[in-house]
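J.: My questions will all concern the structure given below.
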Amino acid sequence: VAGCGRGSADLQAGTMAAAYRSPLGATEEYVKVVRALLDGEPVAHESEYFTAMGRLLPVPAPPVEIGVGVLRPGMAKAAGRVADVAVTWLAPHWYLRDVLRPALAEGAAAVGRKEPRVVSVVHVAVARSARNLRRTVLAAVGPHLSAVHYTDMLRRAGVEVDRRDPVRGAEALLDAKVFVTGTPAEIAEELDRYRAAGVDEVVLNVGGVYATEGEASALRDLRDIARAERE
């Protein structure tokens, strides 16, 4: 899966002459161009957003799915129209069920194609006696809690965050179980709610533990959660 995302308006403005006039339009256009290239087609594309001329050399390779990062309904509809996979980050399971999945289905139905698979990145950390979970959350997603588009998505989902106060935002993620903690069995139970919401693939992210405690602790969490999943 080759995943792509448009980035924030600030990132766009900082790396290009200006932010995209239409982030949704730019995303759809990008995916169509990359899809054509990956399918071995010759491309002659020139527009407001992208210029691509040529084709990829044919080499033996497995097929590549194109994923699009999805936060809000507009991008979910766009992903439904062009993507193979919709990738979420920090999206609560109830928001996936009630908002994003219907938007994906609507976008796909509008062009008569199959709905994209849903891959949800879920941040996890086992609650251990010496672990400062707020610090763990901030290490993993602190910048996202100060970003306009992520905090807007979380508020739409009913999670009370304020980009001016990421520390309180970290506590809100823990309270709402968007950043999933507890015993390994409790975490496994929470992950089942993502599957019930229609998520095809759950990606466990232990980046917060890795950043604050190192590789051994992160692997320990993964092993314990995987064992609880099997049980």
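Going by the structure tokens order, chains are called A, B, ..., each with residues numbered from 1, while ligands are numbered from 1 in the order shown.
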Using only C-alpha atoms, which residues sit within 8 Å of Val33 of chain A once same-chain residues fewer than 2 positions away are excluded, as a PyMOL selection string?

T.: chain A and resi 29-31+35-37+43+45+52

J.: Find the residues around segment 123-138 of chain A up to 7 Å (only C-alpha atoms counted), leave out those fewer than 3 positions away in its own chain, and share them as a list in words.

T.: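 Once the adjacent positions are removed, what remains is Val141, Gly142, Ala170, Glu171, Phe179, Val180, Thr181, Gly182, Thr183, Pro184, Leu204, Asn205, Val206, Gly208, Val209, Thr212 and Asp221 of chain A.
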
J.: So which residues touch Arg155 of chain A within 12 Å, counting only C-alpha atoms, skipping near sequence neighbours fewer than 2 positions away, as a PDB file with C-alpha atoms, in the first residue's frame?

T.:
ATOM      1  CA  LEU A  71      -9.972  12.661   8.411  1.00  0.00           C
ATOM      2  CA  ARG A  72     -13.284  14.217   7.443  1.00  0.00           C
ATOM      3  CA  LEU A  90      -6.706   9.168  15.579  1.00  0.00           C
ATOM      4  CA  ALA A  91     -10.215   8.542  14.234  1.00  0.00           C
ATOM      5  CA  PRO A  92     -12.462   7.055  16.981  1.00  0.00           C
ATOM      6  CA  TYR A  95     -16.720   8.299  14.086  1.00  0.00           C
ATOM      7  CA  LEU A 145      -3.219  17.912  19.034  1.00  0.00           C
ATOM      8  CA  VAL A 148      -6.389  22.537  13.052  1.00  0.00           C
ATOM      9  CA  HIS A 149      -7.528  19.617  10.890  1.00  0.00           C
ATOM     10  CA  TYR A 150      -6.955  16.926  13.531  1.00  0.00           C
ATOM     11  CA  THR A 151      -8.574  18.847  16.365  1.00  0.00           C
ATOM     12  CA  ASP A 152     -11.531  19.665  14.115  1.00  0.00           C
ATOM     13  CA  MET A 153     -12.003  15.971  13.329  1.00  0.00           C
ATOM     14  CA  ALA A 157     -16.352  13.018  16.935  1.00  0.00           C
ATOM     15  CA  GLY A 158     -17.271  14.497  20.314  1.00  0.00           C
ATOM     16  CA  VAL A 159     -13.773  14.491  21.830  1.00  0.00           C
ATOM     17  CA  GLU A 160     -13.194  17.798  23.630  1.00  0.00           C
ATOM     18  CA  VAL A 161      -9.789  18.954  22.425  1.00  0.00           C
ATOM     19  CA  ASP A 162      -8.397  22.459  21.962  1.00  0.00           C
ATOM     20  CA  ARG A 163      -5.350  22.974  19.772  1.00  0.00           C
ATOM     21  CA  GLY A 169      -6.025  17.181  24.556  1.00  0.00           C
ATOM     22  CA  ALA A 172      -9.151  13.859  26.433  1.00  0.00           C
ATOM     23  CA  LEU A 173      -7.758  11.161  24.124  1.00  0.00           C
ATOM     24  CA  ALA A 176     -12.329   8.816  25.313  1.00  0.00           C
TER      25      ALA A 176
END

J.: Excluding Ala109 of chain A and residues on its chain fewer than 2 positions from it, collect all residues at most 12 Å away from it, counting only C-alpha atoms, and give them as a PyMOL selection string.

T.: chain A and resi 77-82+102-107+111-116

J.: Quote the spacing between atom CA of Ala197 of chain A and atom CA of Ala108 of chain A in Å to one decimal place.

T.: 18.1 Å

J.: Just asking: which residues within segment 5-217 of chain A are strand (DSSP E) according to DSSP, as a PyMOL selection string?

T.: chain A and resi 43-46+51-54+66-69+85-89+117-126+180-182+201-205

J.: Nearest to Tyr20 of chain A: which of A:Glu48, A:Glu231, A:Glu215, A:Glu65 is it, counting only C-alpha atoms?

T.: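 For Tyr20 of chain A, the nearest of the candidates is A:Glu48.
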
J.: Could you give me the residues within chain A that DSSP places in helix (DSSP H, G or I), as an MDAnalysis selection string?

T.: chainID A and resid 9:15 23:38 73:82 93:110 133:141 143:146 148:156 166:176 184:196 207:213 215:230

J.: Would you work out the distance separating atom CA of Gly198 of chain A from atom CA of Ile225 of chain A, expressed in Å to one decimal?

T.: 20.7 Å

J.: My list of candidates is A:Ser120, A:Ser146, A:Ser8, A:Ser22. Which is closest to Thr88 of chain A when distances are computed with only C-alpha atoms?

T.: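 Distance minimum relative to Thr88 of chain A lands on A:Ser120.
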
J.: Using only C-alpha atoms, which of the listed residues (A:Ile187, A:Ala83, A:Ala26, A:Leu11) sits closest to Ile66 of chain A?

T.: A:Ala83

J.: What separation in Å, quoted to one decimal, exists between atom CA of Lys32 of chain A and atom CA of Gly54 of chain A?

T.: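 That distance, rounded to one decimal, is 14.3 Å.
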
J.: Please determine, counting only C-alpha atoms, which residue among A:Val64, A:Leu96, A:Ala147, A:Ala110 has the shortest atom-to-atom distance to Ala196 of chain A.

T.: A:Leu96

J.: With only C-alpha atoms as the basis for distance, which of A:Asp98, A:Lys177, A:Ala226, A:Val85 is at the shortest distance from Val118 of chain A?

T.: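 Answer, going by the shortest atom-to-atom distance: A:Val85.
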
J.: Can you tell me which residues surround Leu24 of chain A at a distance of at most 8 Å, considering only C-alpha atoms, apart from same-chain residues fewer than 3 positions away, and format the answer as JSON, numbers by chain?

T.: {"A": [27, 28, 74, 75, 78]}

J.: Env of Met16 of chain A: 12 Å cut, atoms = only C-alpha atoms, seq-sep filter 4 positions within chain, self excluded. Answer as a PyMOL selection string.

T.: chain A and resi 7+9-12+20+49-50

J.: Find the residue from A:Ala61, A:Ala19, A:Gly67, A:Pro143 that sits nearest to Val34 of chain A; use only C-alpha atoms when measuring.

T.: A:Gly67
